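Containing mmCIF, C-alpha atoms (C1' of nucleotides): input01.cif.
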data_entry
#
loop_
_atom_site.label_atom_id
_atom_site.label_comp_id
_atom_site.auth_asym_id
_atom_site.auth_seq_id
_atom_site.Cartn_x
_atom_site.Cartn_y
_atom_site.Cartn_z
CA MET Q 1 -3.02 -29.65 -9.14
CA ILE Q 2 -5.00 -30.06 -5.97
CA ASP Q 3 -2.61 -28.18 -3.71
CA THR Q 4 -2.38 -25.03 -5.77
CA LYS Q 5 -4.56 -23.29 -3.26
CA GLN Q 6 -2.37 -24.54 -0.42
CA LYS Q 7 0.82 -23.39 -2.09
CA ILE Q 8 -0.63 -19.96 -2.67
CA LEU Q 9 -1.79 -19.69 0.93
CA ASP Q 10 1.55 -20.79 2.33
CA THR Q 11 3.55 -18.46 0.14
CA ALA Q 12 1.23 -15.50 0.73
CA GLU Q 13 1.35 -16.06 4.48
CA ARG Q 14 5.12 -16.03 4.44
CA LEU Q 15 5.50 -13.01 2.18
CA PHE Q 16 2.73 -10.93 3.73
CA GLY Q 17 4.26 -11.61 7.12
CA SER Q 18 7.81 -10.75 6.20
CA GLN Q 19 7.22 -7.83 3.85
CA GLY Q 20 3.73 -6.61 4.62
CA TYR Q 21 0.57 -6.85 2.60
CA ALA Q 22 0.91 -3.70 0.54
CA ALA Q 23 4.57 -4.31 -0.22
CA THR Q 24 3.94 -7.81 -1.51
CA SER Q 25 2.74 -8.16 -5.08
CA LEU Q 26 0.57 -11.02 -6.23
CA ARG Q 27 3.10 -11.60 -8.95
CA GLN Q 28 5.77 -12.29 -6.38
CA VAL Q 29 3.46 -14.70 -4.61
CA ILE Q 30 2.60 -16.59 -7.78
CA ALA Q 31 6.24 -16.71 -8.84
CA GLU Q 32 7.42 -18.26 -5.57
CA ALA Q 33 4.42 -20.56 -5.41
CA GLU Q 34 5.04 -21.50 -9.03
CA VAL Q 35 1.46 -20.99 -10.13
CA ASN Q 36 -0.22 -18.74 -12.64
CA VAL Q 37 -1.38 -15.18 -12.07
CA ALA Q 38 -4.98 -16.01 -12.74
CA ALA Q 39 -4.94 -18.97 -10.35
CA VAL Q 40 -5.04 -16.71 -7.33
CA HIS Q 41 -7.98 -14.82 -8.76
CA TYR Q 42 -9.71 -18.05 -9.59
CA HIS Q 43 -9.26 -19.48 -6.11
CA PHE Q 44 -9.61 -16.35 -4.02
CA GLY Q 45 -11.08 -13.57 -6.13
CA SER Q 46 -8.72 -10.76 -5.23
CA LYS Q 47 -5.59 -9.90 -3.34
CA GLU Q 48 -7.63 -8.75 -0.38
CA ASP Q 49 -9.65 -11.94 -0.35
CA LEU Q 50 -6.42 -13.91 -0.40
CA LEU Q 51 -5.32 -12.08 2.72
CA ASP Q 52 -8.66 -12.87 4.26
CA ALA Q 53 -8.22 -16.57 3.51
CA VAL Q 54 -4.69 -16.58 4.93
CA LEU Q 55 -5.97 -15.10 8.16
CA ALA Q 56 -9.03 -17.31 8.42
CA ARG Q 57 -6.94 -20.46 8.14
CA LYS Q 58 -4.83 -19.77 11.21
CA ILE Q 59 -6.72 -17.39 13.44
CA GLY Q 60 -9.43 -19.87 14.34
CA PRO Q 61 -7.12 -22.04 16.49
CA VAL Q 62 -5.72 -18.95 18.22
CA THR Q 63 -9.21 -17.79 19.08
CA ASP Q 64 -10.10 -21.26 20.34
CA HIS Q 65 -7.06 -21.37 22.56
CA ARG Q 66 -7.77 -17.92 23.92
CA LEU Q 67 -11.32 -18.84 24.83
CA LYS Q 68 -10.16 -22.11 26.37
CA LEU Q 69 -7.69 -20.32 28.64
CA LEU Q 70 -10.34 -17.80 29.60
CA ALA Q 71 -12.87 -20.49 30.44
CA GLN Q 72 -10.22 -22.28 32.46
CA ALA Q 73 -9.45 -19.16 34.48
CA GLU Q 74 -13.13 -18.58 35.09
CA ALA Q 75 -13.59 -22.18 36.22
CA GLU Q 76 -10.71 -21.86 38.68
CA ALA Q 77 -12.18 -18.67 40.08
CA ALA Q 78 -15.41 -20.60 40.62
CA GLY Q 79 -17.65 -17.59 40.37
CA GLY Q 80 -15.32 -15.45 42.42
CA PRO Q 81 -13.65 -12.31 41.14
CA LEU Q 82 -11.36 -12.91 38.21
CA ASP Q 83 -8.00 -11.18 38.03
CA ALA Q 84 -7.56 -8.91 35.02
CA GLY Q 85 -4.01 -10.18 34.67
CA ARG Q 86 -5.27 -13.72 34.04
CA ILE Q 87 -7.68 -12.47 31.40
CA ILE Q 88 -4.98 -10.49 29.64
CA ALA Q 89 -2.58 -13.42 29.71
CA ALA Q 90 -5.27 -15.65 28.24
CA PHE Q 91 -5.64 -13.17 25.43
CA LEU Q 92 -1.94 -12.72 24.72
CA MET Q 93 -0.20 -16.01 25.30
CA PRO Q 94 -1.81 -18.14 22.58
CA THR Q 95 -0.01 -16.01 20.01
CA ALA Q 96 3.29 -17.24 21.43
CA GLU Q 97 2.63 -20.80 20.30
CA VAL Q 98 1.73 -19.75 16.81
CA ALA Q 99 4.89 -17.70 16.83
CA GLN Q 100 6.93 -20.79 17.63
CA ALA Q 101 5.35 -22.77 14.83
CA ASN Q 102 5.10 -19.93 12.37
CA PRO Q 103 6.81 -16.63 13.14
CA MET Q 104 5.69 -15.06 9.91
CA PHE Q 105 2.03 -15.53 10.65
CA VAL Q 106 2.27 -13.74 13.95
CA ARG Q 107 3.91 -10.81 12.27
CA LEU Q 108 1.05 -10.84 9.81
CA MET Q 109 -1.46 -10.84 12.65
CA GLY Q 110 0.20 -7.81 14.13
CA ARG Q 111 0.32 -6.07 10.81
CA MET Q 112 -3.35 -6.65 10.21
CA LEU Q 113 -4.31 -4.75 13.31
CA ASN Q 114 -1.83 -2.10 12.33
CA GLU Q 115 -1.68 -1.72 8.61
CA GLY Q 116 -4.09 1.13 8.83
CA MET Q 117 -6.58 0.03 6.31
CA MET Q 118 -8.95 -2.87 6.24
CA PRO Q 119 -10.58 -2.43 9.60
CA GLN Q 120 -13.33 -4.71 8.35
CA ILE Q 121 -10.93 -7.59 7.82
CA ALA Q 122 -9.15 -7.14 11.11
CA ALA Q 123 -12.43 -6.67 12.92
CA ARG Q 124 -14.05 -9.74 11.42
CA HIS Q 125 -11.27 -12.04 12.57
CA PHE Q 126 -10.80 -10.57 16.01
CA ARG Q 127 -14.26 -9.50 17.06
CA ASP Q 128 -15.38 -12.98 18.05
CA SER Q 129 -12.86 -13.46 20.79
CA ALA Q 130 -12.53 -9.77 21.60
CA THR Q 131 -16.11 -9.21 22.69
CA ARG Q 132 -15.91 -12.28 24.90
CA PHE Q 133 -12.79 -10.89 26.57
CA VAL Q 134 -14.31 -7.47 26.97
CA ARG Q 135 -17.18 -8.99 28.92
CA ALA Q 136 -14.75 -10.83 31.15
CA LEU Q 137 -12.76 -7.66 31.78
CA GLU Q 138 -15.92 -5.74 32.58
CA LYS Q 139 -16.76 -8.29 35.24
CA ALA Q 140 -13.23 -8.20 36.60
CA MET Q 141 -13.09 -4.40 36.73
CA PRO Q 142 -16.59 -3.13 37.52
CA GLN Q 143 -15.24 0.16 38.84
CA LEU Q 144 -14.25 1.26 35.33
CA SER Q 145 -16.75 2.94 33.04
CA HIS Q 146 -17.53 1.15 29.83
CA GLU Q 147 -15.81 3.84 27.80
CA GLU Q 148 -12.67 3.75 29.92
CA LEU Q 149 -12.50 -0.01 29.65
CA MET Q 150 -12.98 0.00 25.90
CA TRP Q 151 -10.17 2.49 25.52
CA ARG Q 152 -7.92 0.33 27.62
CA VAL Q 153 -8.73 -2.64 25.43
CA HIS Q 154 -7.86 -0.43 22.48
CA PHE Q 155 -4.52 0.43 24.07
CA MET Q 156 -3.89 -3.25 24.69
CA ILE Q 157 -4.57 -4.15 21.08
CA GLY Q 158 -2.25 -1.38 19.90
CA ALA Q 159 0.59 -2.48 22.13
CA MET Q 160 0.06 -6.11 21.18
CA ALA Q 161 -0.07 -5.41 17.48
CA HIS Q 162 3.10 -3.37 17.65
CA THR Q 163 4.80 -6.09 19.64
CA LEU Q 164 3.70 -8.89 17.35
CA CYS Q 165 4.52 -7.36 14.05
CA GLY Q 166 8.17 -6.76 14.27
CA GLN Q 167 11.27 -5.00 15.27
CA PRO Q 168 11.20 -2.25 17.86
CA VAL Q 169 11.69 1.21 16.42
CA LEU Q 170 14.40 2.27 18.80
CA GLU Q 171 16.73 -0.65 19.31
CA ASN Q 172 17.17 -4.21 18.26
CA LEU Q 173 15.57 -5.99 21.13
CA GLY Q 174 15.77 -9.72 20.88
CA GLY Q 175 14.38 -12.25 23.23
CA ASP Q 176 12.07 -15.17 23.10
CA PHE Q 177 8.56 -14.46 22.01
CA THR Q 178 7.09 -15.93 25.16
CA VAL Q 179 9.26 -13.72 27.33
CA ARG Q 180 8.29 -10.74 25.27
CA LEU Q 181 4.59 -11.44 25.68
CA ARG Q 182 4.97 -12.01 29.39
CA ARG Q 183 6.58 -8.59 29.68
CA LEU Q 184 3.68 -7.15 27.77
CA ALA Q 185 1.12 -8.97 29.93
CA ARG Q 186 2.69 -7.57 33.10
CA PHE Q 187 2.72 -4.09 31.63
CA LEU Q 188 -0.89 -4.23 30.45
CA ALA Q 189 -2.21 -5.78 33.65
CA ALA Q 190 -0.81 -2.85 35.59
CA GLY Q 191 -2.31 -0.47 33.05
CA PHE Q 192 -5.74 -2.00 33.46
CA HIS Q 193 -5.45 -1.68 37.20
CA ALA Q 194 -4.78 2.03 36.95
CA PRO Q 195 -7.36 4.28 38.61
CA GLY Q 196 -10.22 5.32 36.32
CA GLU Q 197 -11.08 8.83 35.20
CA ASN Q 198 -12.83 9.84 38.41
CA GLU Q 199 -10.81 7.95 40.97
CA GLU Q 200 -8.28 9.82 42.98
CA ALA Q 201 -5.93 7.01 43.89
CA LYS Q 202 -5.67 3.30 43.52
CA MET B 1 3.34 28.89 -9.23
CA ILE B 2 5.34 29.41 -6.09
CA ASP B 3 3.07 27.47 -3.81
CA THR B 4 2.91 24.31 -5.87
CA LYS B 5 5.09 22.61 -3.30
CA GLN B 6 2.83 23.80 -0.52
CA LYS B 7 -0.32 22.60 -2.25
CA ILE B 8 1.23 19.18 -2.80
CA LEU B 9 2.31 18.95 0.82
CA ASP B 10 -1.08 20.01 2.16
CA THR B 11 -2.98 17.64 -0.06
CA ALA B 12 -0.66 14.73 0.59
CA GLU B 13 -0.84 15.31 4.32
CA ARG B 14 -4.62 15.25 4.23
CA LEU B 15 -4.91 12.20 2.00
CA PHE B 16 -2.14 10.16 3.63
CA GLY B 17 -3.74 10.88 6.97
CA SER B 18 -7.27 9.97 6.00
CA GLN B 19 -6.61 7.01 3.71
CA GLY B 20 -3.13 5.83 4.54
CA TYR B 21 0.07 6.10 2.57
CA ALA B 22 -0.20 2.92 0.55
CA ALA B 23 -3.86 3.47 -0.28
CA THR B 24 -3.23 6.97 -1.60
CA SER B 25 -1.99 7.31 -5.15
CA LEU B 26 0.19 10.17 -6.28
CA ARG B 27 -2.28 10.73 -9.05
CA GLN B 28 -5.01 11.40 -6.55
CA VAL B 29 -2.75 13.85 -4.77
CA ILE B 30 -1.84 15.72 -7.94
CA ALA B 31 -5.46 15.78 -9.09
CA GLU B 32 -6.72 17.35 -5.86
CA ALA B 33 -3.76 19.68 -5.67
CA GLU B 34 -4.30 20.56 -9.33
CA VAL B 35 -0.72 20.11 -10.35
CA ASN B 36 1.10 17.83 -12.74
CA VAL B 37 2.35 14.33 -12.03
CA ALA B 38 5.93 15.28 -12.62
CA ALA B 39 5.78 18.28 -10.30
CA VAL B 40 5.81 16.03 -7.27
CA HIS B 41 8.84 14.22 -8.62
CA TYR B 42 10.56 17.47 -9.40
CA HIS B 43 10.01 18.83 -5.92
CA PHE B 44 10.30 15.67 -3.87
CA GLY B 45 11.84 12.92 -5.96
CA SER B 46 9.49 10.07 -5.12
CA LYS B 47 6.32 9.18 -3.26
CA GLU B 48 8.34 8.07 -0.27
CA ASP B 49 10.31 11.29 -0.22
CA LEU B 50 7.06 13.22 -0.36
CA LEU B 51 5.90 11.40 2.75
CA ASP B 52 9.21 12.24 4.35
CA ALA B 53 8.73 15.92 3.57
CA VAL B 54 5.17 15.91 4.90
CA LEU B 55 6.40 14.47 8.17
CA ALA B 56 9.43 16.71 8.47
CA ARG B 57 7.31 19.84 8.12
CA LYS B 58 5.15 19.15 11.16
CA ILE B 59 7.00 16.80 13.45
CA GLY B 60 9.66 19.30 14.40
CA PRO B 61 7.29 21.46 16.49
CA VAL B 62 5.87 18.38 18.20
CA THR B 63 9.34 17.24 19.14
CA ASP B 64 10.20 20.72 20.40
CA HIS B 65 7.10 20.85 22.55
CA ARG B 66 7.80 17.41 23.95
CA LEU B 67 11.31 18.34 24.94
CA LYS B 68 10.12 21.62 26.43
CA LEU B 69 7.60 19.84 28.65
CA LEU B 70 10.22 17.33 29.68
CA ALA B 71 12.73 20.03 30.56
CA GLN B 72 10.02 21.84 32.52
CA ALA B 73 9.21 18.72 34.52
CA GLU B 74 12.88 18.19 35.23
CA ALA B 75 13.30 21.78 36.35
CA GLU B 76 10.36 21.46 38.74
CA ALA B 77 11.80 18.30 40.21
CA ALA B 78 15.00 20.25 40.82
CA GLY B 79 17.26 17.25 40.61
CA GLY B 80 14.91 15.11 42.64
CA PRO B 81 13.29 11.94 41.35
CA LEU B 82 11.06 12.51 38.35
CA ASP B 83 7.71 10.77 38.11
CA ALA B 84 7.35 8.47 35.12
CA GLY B 85 3.80 9.75 34.66
CA ARG B 86 5.07 13.26 34.04
CA ILE B 87 7.53 12.01 31.45
CA ILE B 88 4.88 10.01 29.65
CA ALA B 89 2.48 12.93 29.66
CA ALA B 90 5.20 15.17 28.23
CA PHE B 91 5.65 12.65 25.45
CA LEU B 92 1.96 12.20 24.65
CA MET B 93 0.19 15.49 25.17
CA PRO B 94 1.87 17.62 22.48
CA THR B 95 0.16 15.48 19.88
CA ALA B 96 -3.20 16.71 21.20
CA GLU B 97 -2.50 20.25 20.06
CA VAL B 98 -1.53 19.17 16.60
CA ALA B 99 -4.69 17.11 16.56
CA GLN B 100 -6.74 20.20 17.28
CA ALA B 101 -5.11 22.15 14.48
CA ASN B 102 -4.79 19.27 12.08
CA PRO B 103 -6.48 15.96 12.86
CA MET B 104 -5.28 14.35 9.69
CA PHE B 105 -1.65 14.87 10.48
CA VAL B 106 -1.97 13.13 13.80
CA ARG B 107 -3.55 10.16 12.12
CA LEU B 108 -0.63 10.18 9.72
CA MET B 109 1.81 10.23 12.62
CA GLY B 110 0.12 7.20 14.09
CA ARG B 111 0.09 5.43 10.79
CA MET B 112 3.78 6.03 10.28
CA LEU B 113 4.67 4.14 13.40
CA ASN B 114 2.25 1.48 12.37
CA GLU B 115 2.18 1.09 8.64
CA GLY B 116 4.55 -1.82 8.88
CA MET B 117 7.12 -0.71 6.44
CA MET B 118 9.47 2.23 6.41
CA PRO B 119 11.05 1.82 9.82
CA GLN B 120 13.80 4.12 8.63
CA ILE B 121 11.42 6.99 8.01
CA ALA B 122 9.56 6.55 11.25
CA ALA B 123 12.79 6.10 13.16
CA ARG B 124 14.43 9.17 11.68
CA HIS B 125 11.62 11.47 12.73
CA PHE B 126 11.05 10.01 16.16
CA ARG B 127 14.47 8.94 17.31
CA ASP B 128 15.57 12.43 18.31
CA SER B 129 12.99 12.93 20.98
CA ALA B 130 12.62 9.24 21.80
CA THR B 131 16.20 8.70 22.99
CA ARG B 132 15.94 11.77 25.17
CA PHE B 133 12.78 10.40 26.76
CA VAL B 134 14.30 6.99 27.23
CA ARG B 135 17.10 8.51 29.23
CA ALA B 136 14.62 10.38 31.39
CA LEU B 137 12.63 7.21 31.99
CA GLU B 138 15.75 5.31 32.89
CA LYS B 139 16.53 7.87 35.52
CA ALA B 140 12.98 7.78 36.83
CA MET B 141 12.84 3.99 36.97
CA PRO B 142 16.32 2.73 37.85
CA GLN B 143 14.95 -0.55 39.18
CA LEU B 144 14.03 -1.68 35.66
CA SER B 145 16.59 -3.38 33.44
CA HIS B 146 17.45 -1.61 30.23
CA GLU B 147 15.77 -4.32 28.21
CA GLU B 148 12.60 -4.23 30.25
CA LEU B 149 12.42 -0.47 29.94
CA MET B 150 12.99 -0.50 26.20
CA TRP B 151 10.19 -3.00 25.79
CA ARG B 152 7.88 -0.82 27.82
CA VAL B 153 8.75 2.13 25.61
CA HIS B 154 7.95 -0.10 22.67
CA PHE B 155 4.57 -0.96 24.19
CA MET B 156 3.92 2.73 24.76
CA ILE B 157 4.68 3.60 21.16
CA GLY B 158 2.41 0.82 19.97
CA ALA B 159 -0.49 1.93 22.10
CA MET B 160 0.06 5.56 21.15
CA ALA B 161 0.28 4.82 17.44
CA HIS B 162 -2.88 2.79 17.56
CA THR B 163 -4.64 5.51 19.48
CA LEU B 164 -3.49 8.30 17.19
CA CYS B 165 -4.21 6.75 13.88
CA GLY B 166 -7.87 6.14 14.03
CA GLN B 167 -11.00 4.41 14.98
CA PRO B 168 -10.97 1.68 17.59
CA VAL B 169 -11.43 -1.79 16.18
CA LEU B 170 -14.19 -2.84 18.52
CA GLU B 171 -16.52 0.09 18.93
CA ASN B 172 -16.95 3.64 17.84
CA LEU B 173 -15.44 5.44 20.75
CA GLY B 174 -15.66 9.16 20.46
CA GLY B 175 -14.33 11.72 22.81
CA ASP B 176 -12.00 14.64 22.71
CA PHE B 177 -8.47 13.92 21.69
CA THR B 178 -7.06 15.42 24.86
CA VAL B 179 -9.28 13.22 27.01
CA ARG B 180 -8.27 10.20 25.00
CA LEU B 181 -4.58 10.93 25.48
CA ARG B 182 -5.05 11.51 29.17
CA ARG B 183 -6.67 8.10 29.46
CA LEU B 184 -3.71 6.65 27.62
CA ALA B 185 -1.22 8.48 29.82
CA ARG B 186 -2.84 7.10 32.99
CA PHE B 187 -2.85 3.62 31.53
CA LEU B 188 0.78 3.74 30.44
CA ALA B 189 2.03 5.32 33.64
CA ALA B 190 0.59 2.40 35.59
CA GLY B 191 2.15 0.00 33.10
CA PHE B 192 5.58 1.54 33.58
CA HIS B 193 5.19 1.26 37.31
CA ALA B 194 4.52 -2.47 37.07
CA PRO B 195 7.07 -4.71 38.80
CA GLY B 196 9.99 -5.74 36.60
CA GLU B 197 10.88 -9.25 35.52
CA ASN B 198 12.53 -10.25 38.80
CA GLU B 199 10.44 -8.34 41.27
CA GLU B 200 7.84 -10.22 43.21
CA ALA B 201 5.45 -7.41 44.03
CA LYS B 202 5.11 -3.73 43.57
"C1'" DG H 1 14.33 26.97 -12.07
"C1'" DT H 2 9.49 25.33 -12.62
"C1'" DC H 3 6.49 22.91 -14.62
"C1'" DT H 4 3.98 20.02 -18.54
"C1'" DA H 5 3.45 16.26 -21.74
"C1'" DT H 6 4.25 11.84 -22.52
"C1'" DA H 7 6.17 7.36 -22.38
"C1'" DC H 8 7.81 3.18 -19.66
"C1'" DT H 9 7.35 -0.61 -16.43
"C1'" DG H 10 4.88 -3.30 -13.32
"C1'" DA H 11 0.70 -3.83 -10.50
"C1'" DG H 12 -4.25 -6.04 -9.90
"C1'" DA H 13 -8.11 -7.57 -12.40
"C1'" DT H 14 -10.93 -9.88 -16.14
"C1'" DA H 15 -12.44 -12.61 -20.34
"C1'" DG H 16 -12.19 -16.37 -22.77
"C1'" DA H 17 -9.62 -20.45 -24.92
"C1'" DC H 18 -8.44 -25.02 -23.62
"C1'" DG J 1 -9.36 -25.80 -13.17
"C1'" DT J 2 -5.79 -23.66 -15.59
"C1'" DC J 3 -3.43 -20.46 -18.56
"C1'" DT J 4 -2.86 -16.60 -22.08
"C1'" DA J 5 -3.99 -12.16 -23.45
"C1'" DT J 6 -5.38 -7.87 -22.34
"C1'" DC J 7 -7.29 -3.83 -19.65
"C1'" DT J 8 -6.63 -0.13 -16.44
"C1'" DC J 9 -4.10 2.29 -13.27
"C1'" DA J 10 -0.11 2.80 -10.35
"C1'" DG J 11 4.82 4.96 -9.66
"C1'" DT J 12 8.64 6.55 -12.19
"C1'" DA J 13 11.77 8.74 -15.79
"C1'" DT J 14 12.81 11.88 -19.37
"C1'" DA J 15 12.42 15.69 -22.83
"C1'" DG J 16 11.52 19.96 -23.43
"C1'" DA J 17 8.35 24.38 -22.98
"C1'" DC J 18 8.40 28.70 -20.44
#
How does this structure look as structure tokens?
Amino acid sequence: MIDTKQKILDTAERLFGSQGYAATSLRQVIAEAEVNVAAVHYHFGSKEDLLDAVLARKIGPVTDHRLKLLAQAEAEAAGGPLDAGRIIAAFLMPTAEVAQANPMFVRLMGRMLNEGMMPQIAARHFRDSATRFVRALEKAMPQLSHEELMWRVHFMIGAMAHTLCGQPVLENLGGDFTVRLRRLARFLAAGFHAPGENEEAK
Amino acid sequence: MIDTKQKILDTAERLFGSQGYAATSLRQVIAEAEVNVAAVHYHFGSKEDLLDAVLARKIGPVTDHRLKLLAQAEAEAAGGPLDAGRIIAAFLMPTAEVAQANPMFVRLMGRMLNEGMMPQIAARHFRDSATRFVRALEKAMPQLSHEELMWRVHFMIGAMAHTLCGQPVLENLGGDFTVRLRRLARFLAAGFHAPGENEEAK
DNA sequence: GTCTATACTGAGATAGAC
DNA sequence: GTCTATCTCAGTATAGAC
């Protein structure tokens, strides 16, 4: 069958997203996709490579959208100073659309940045857009040292990952995904605008 | 041997912290601890219960320190308005001391909040201090809706977890743990002070 | 009460038949 | 391209030695 690969990808995306990568066995994937155990190894090589393929398929469009929003903001600023809030929103909001179309994939995205291991995999899929955004933020916030800025980006990724991948630890907070991300964007924008290590006040 | 339990706990703490829970096999733990496979099941019951025990042993003091710092800040304010920054610092900084004494355990703490699964375990060990801090934050920031505040706490936990558990995704950022947490505290304090959903400006 | 030896089930991976 | 058989190693359960 020609769509064996597709079925495996779809099923893996759903299961990895809802249960996590480690907690999902290949055997569960192949059972629900109704294919053979060896098929996944034939098509993808290993469980980790399957995850890689699942990510690659959907992250590209998110990255494109992010970069498009960033370019748009820069065009509007017309060479003038860019607001950090706009940059952050351009980074966050594209995930909302994917969430609408495919909630499980967004959870998977969050998990990837979180699930401890595989920094290579996470890095590979996020580095492209991330470095571009870092440069934009550096231009928007020249008063921050490079180290301070990189840490703030790190904080942003942590908060985003935690927000994408699931239920809050403390309470069951509902709410639309877009609303949730807008809250996050407001929060992070203020964080980025905080005084740096050697500044006394804002 | 009387300290079999201890050896298992120490080894598990180190390995879970450095490699992650899922990536660490019990057999690796028992090999490095030089005990038998069944010993861990005799003393702890299961791999998950072992993790639980590892956490329980060290999180208590962190929680105590957090609450002590919070109480201290409240005493100094003498009934007056408490600054959110103080509350956040009281929540974050105790982890720095544990990091000094035991870097691996801090990474494990971060992973726990992150490693996707086991929300029950993470929740159980963090809820005690977390609810206390939420109440303090609510008093400090009465202009925020409960939902908005809970989301900001969620963002804080995400950023903290990501910062505790390891290497930044983008670059190798070094630096003392205390410095790192202070950066985070500044960032988060500004985030908490951001205008809420229905406020126009700060 | 503590621990060891050993066996059981299910995981990911691989080789080779078709 | 696909499937069966099989390998190794994981977590778990039990029996019994001391």
Using all atoms listed in the file, find each residue in chain J having at least one atom no more than 10 Å away from chain Q; report its shortest atom-to-atom pair and that distance in Å (one decimal), rows by chain then rising number, as CSV.
residue,atom,partner,partner_atom,distance
J:DG1,C1',Q:Met1,CA,8.4
J:DT2,C1',Q:Ala39,CA,7.1
J:DC3,C1',Q:Asn36,CA,7.0
J:DT4,C1',Q:Ala38,CA,9.6
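The space between CA of Thr178 (chain Q) and CA of Phe105 (chain Q) spans 15.4 Å.
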Q: Write out as a PyMOL selection string the residues lying within 10 Å of DC9 (chain J), counting all atoms listed in the file and excluding same-chain residues fewer than 6 positions away.
A: (chain B and resi 25+27) or (chain H and resi 11-12)
(Q) Using only C-alpha atoms and a cut-off of 9 Å, which residues of chain Q sit close to chain B? Please list them as a PyMOL selection string. (A) chain Q and resi 19-23+111+113-117+119-120+122-123+126-127+130-131+147-148+150-163+165-171+173+180+182-184+186-197
Restrict the calculation to only C-alpha atoms (C1' of nucleotides), then for each residue of chain Q with any atom at most 8 Å from an atom of chain H give the closest atom pair and their distance in Å to one decimal, rows by chain and rising residue number, as JSON lines.
{"residue": "Q:Ser25", "atom": "CA", "partner": "H:DA11", "partner_atom": "C1'", "distance": 7.2}
{"residue": "Q:Leu26", "atom": "CA", "partner": "H:DG12", "partner_atom": "C1'", "distance": 7.8}
{"residue": "Q:Ser46", "atom": "CA", "partner": "H:DA13", "partner_atom": "C1'", "distance": 7.9}
{"residue": "Q:Lys47", "atom": "CA", "partner": "H:DG12", "partner_atom": "C1'", "distance": 7.7}
Would you save the residues of that selection, restricted to C-alpha atoms, as a CSV table (one decimal), keeping the file's coordinate frame?
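Written file, out.csv:
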chain,number,residue,atom,x,y,z
Q,25,SER,CA,2.7,-8.2,-5.1
Q,26,LEU,CA,0.6,-11.0,-6.2
Q,46,SER,CA,-8.7,-10.8,-5.2
Q,47,LYS,CA,-5.6,-9.9,-3.3
Q) Mind pulling up the distance from CA of Asp10 (chain Q) to CA of Asn102 (chain Q)? A) 10.7 Å
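Across the structure, CA of Ala90 (chain Q) and CA of Lys139 (chain Q) are spaced 15.3 Å apart.
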Return as JSON the box centre and box size in Å, one decimal, for an axis-aligned box around all listed atoms of region 2-17 of chain H padded by 5 Å per side.
{"center_x": -1.5, "center_y": 2.4, "center_z": -17.4, "size_x": 31.9, "size_y": 55.8, "size_z": 25.0}
Completed region 30-41 of chain B (N, CA and C atoms) as an mmCIF file, in the frame of the given file:
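That gives us part00.cif:
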data_model
loop_
_atom_site.group_PDB
_atom_site.id
_atom_site.type_symbol
_atom_site.label_atom_id
_atom_site.label_comp_id
_atom_site.auth_asym_id
_atom_site.auth_seq_id
_atom_site.Cartn_x
_atom_site.Cartn_y
_atom_site.Cartn_z
ATOM 1 N N ILE B 30 -2.067 14.656 -6.947
ATOM 2 C CA ILE B 30 -1.840 15.720 -7.940
ATOM 3 C C ILE B 30 -3.168 16.218 -8.521
ATOM 4 N N ALA B 31 -4.158 15.354 -8.574
ATOM 5 C CA ALA B 31 -5.460 15.780 -9.090
ATOM 6 C C ALA B 31 -6.093 16.790 -8.129
ATOM 7 N N GLU B 32 -6.093 16.458 -6.836
ATOM 8 C CA GLU B 32 -6.720 17.350 -5.860
ATOM 9 C C GLU B 32 -5.904 18.617 -5.639
ATOM 10 N N ALA B 33 -4.618 18.505 -5.821
ATOM 11 C CA ALA B 33 -3.760 19.680 -5.670
ATOM 12 C C ALA B 33 -3.711 20.474 -6.971
ATOM 13 N N GLU B 34 -4.268 19.917 -8.010
ATOM 14 C CA GLU B 34 -4.300 20.560 -9.330
ATOM 15 C C GLU B 34 -2.916 20.921 -9.834
ATOM 16 N N VAL B 35 -2.058 19.936 -9.781
ATOM 17 C CA VAL B 35 -0.720 20.110 -10.350
ATOM 18 C C VAL B 35 -0.419 18.904 -11.241
ATOM 19 N N ASN B 36 0.744 18.913 -11.833
ATOM 20 C CA ASN B 36 1.100 17.830 -12.740
ATOM 21 C C ASN B 36 1.820 16.698 -12.024
ATOM 22 N N VAL B 37 1.710 15.503 -12.620
ATOM 23 C CA VAL B 37 2.350 14.330 -12.030
ATOM 24 C C VAL B 37 3.824 14.576 -11.754
ATOM 25 N N ALA B 38 4.483 15.148 -12.723
ATOM 26 C CA ALA B 38 5.930 15.280 -12.620
ATOM 27 C C ALA B 38 6.354 16.319 -11.598
ATOM 28 N N ALA B 39 5.435 17.225 -11.261
ATOM 29 C CA ALA B 39 5.780 18.280 -10.300
ATOM 30 C C ALA B 39 6.203 17.675 -8.969
ATOM 31 N N VAL B 40 5.490 16.647 -8.547
ATOM 32 C CA VAL B 40 5.810 16.030 -7.270
ATOM 33 C C VAL B 40 7.195 15.380 -7.332
ATOM 34 N N HIS B 41 7.526 14.838 -8.506
ATOM 35 C CA HIS B 41 8.840 14.220 -8.620
ATOM 36 C C HIS B 41 9.934 15.273 -8.754
#
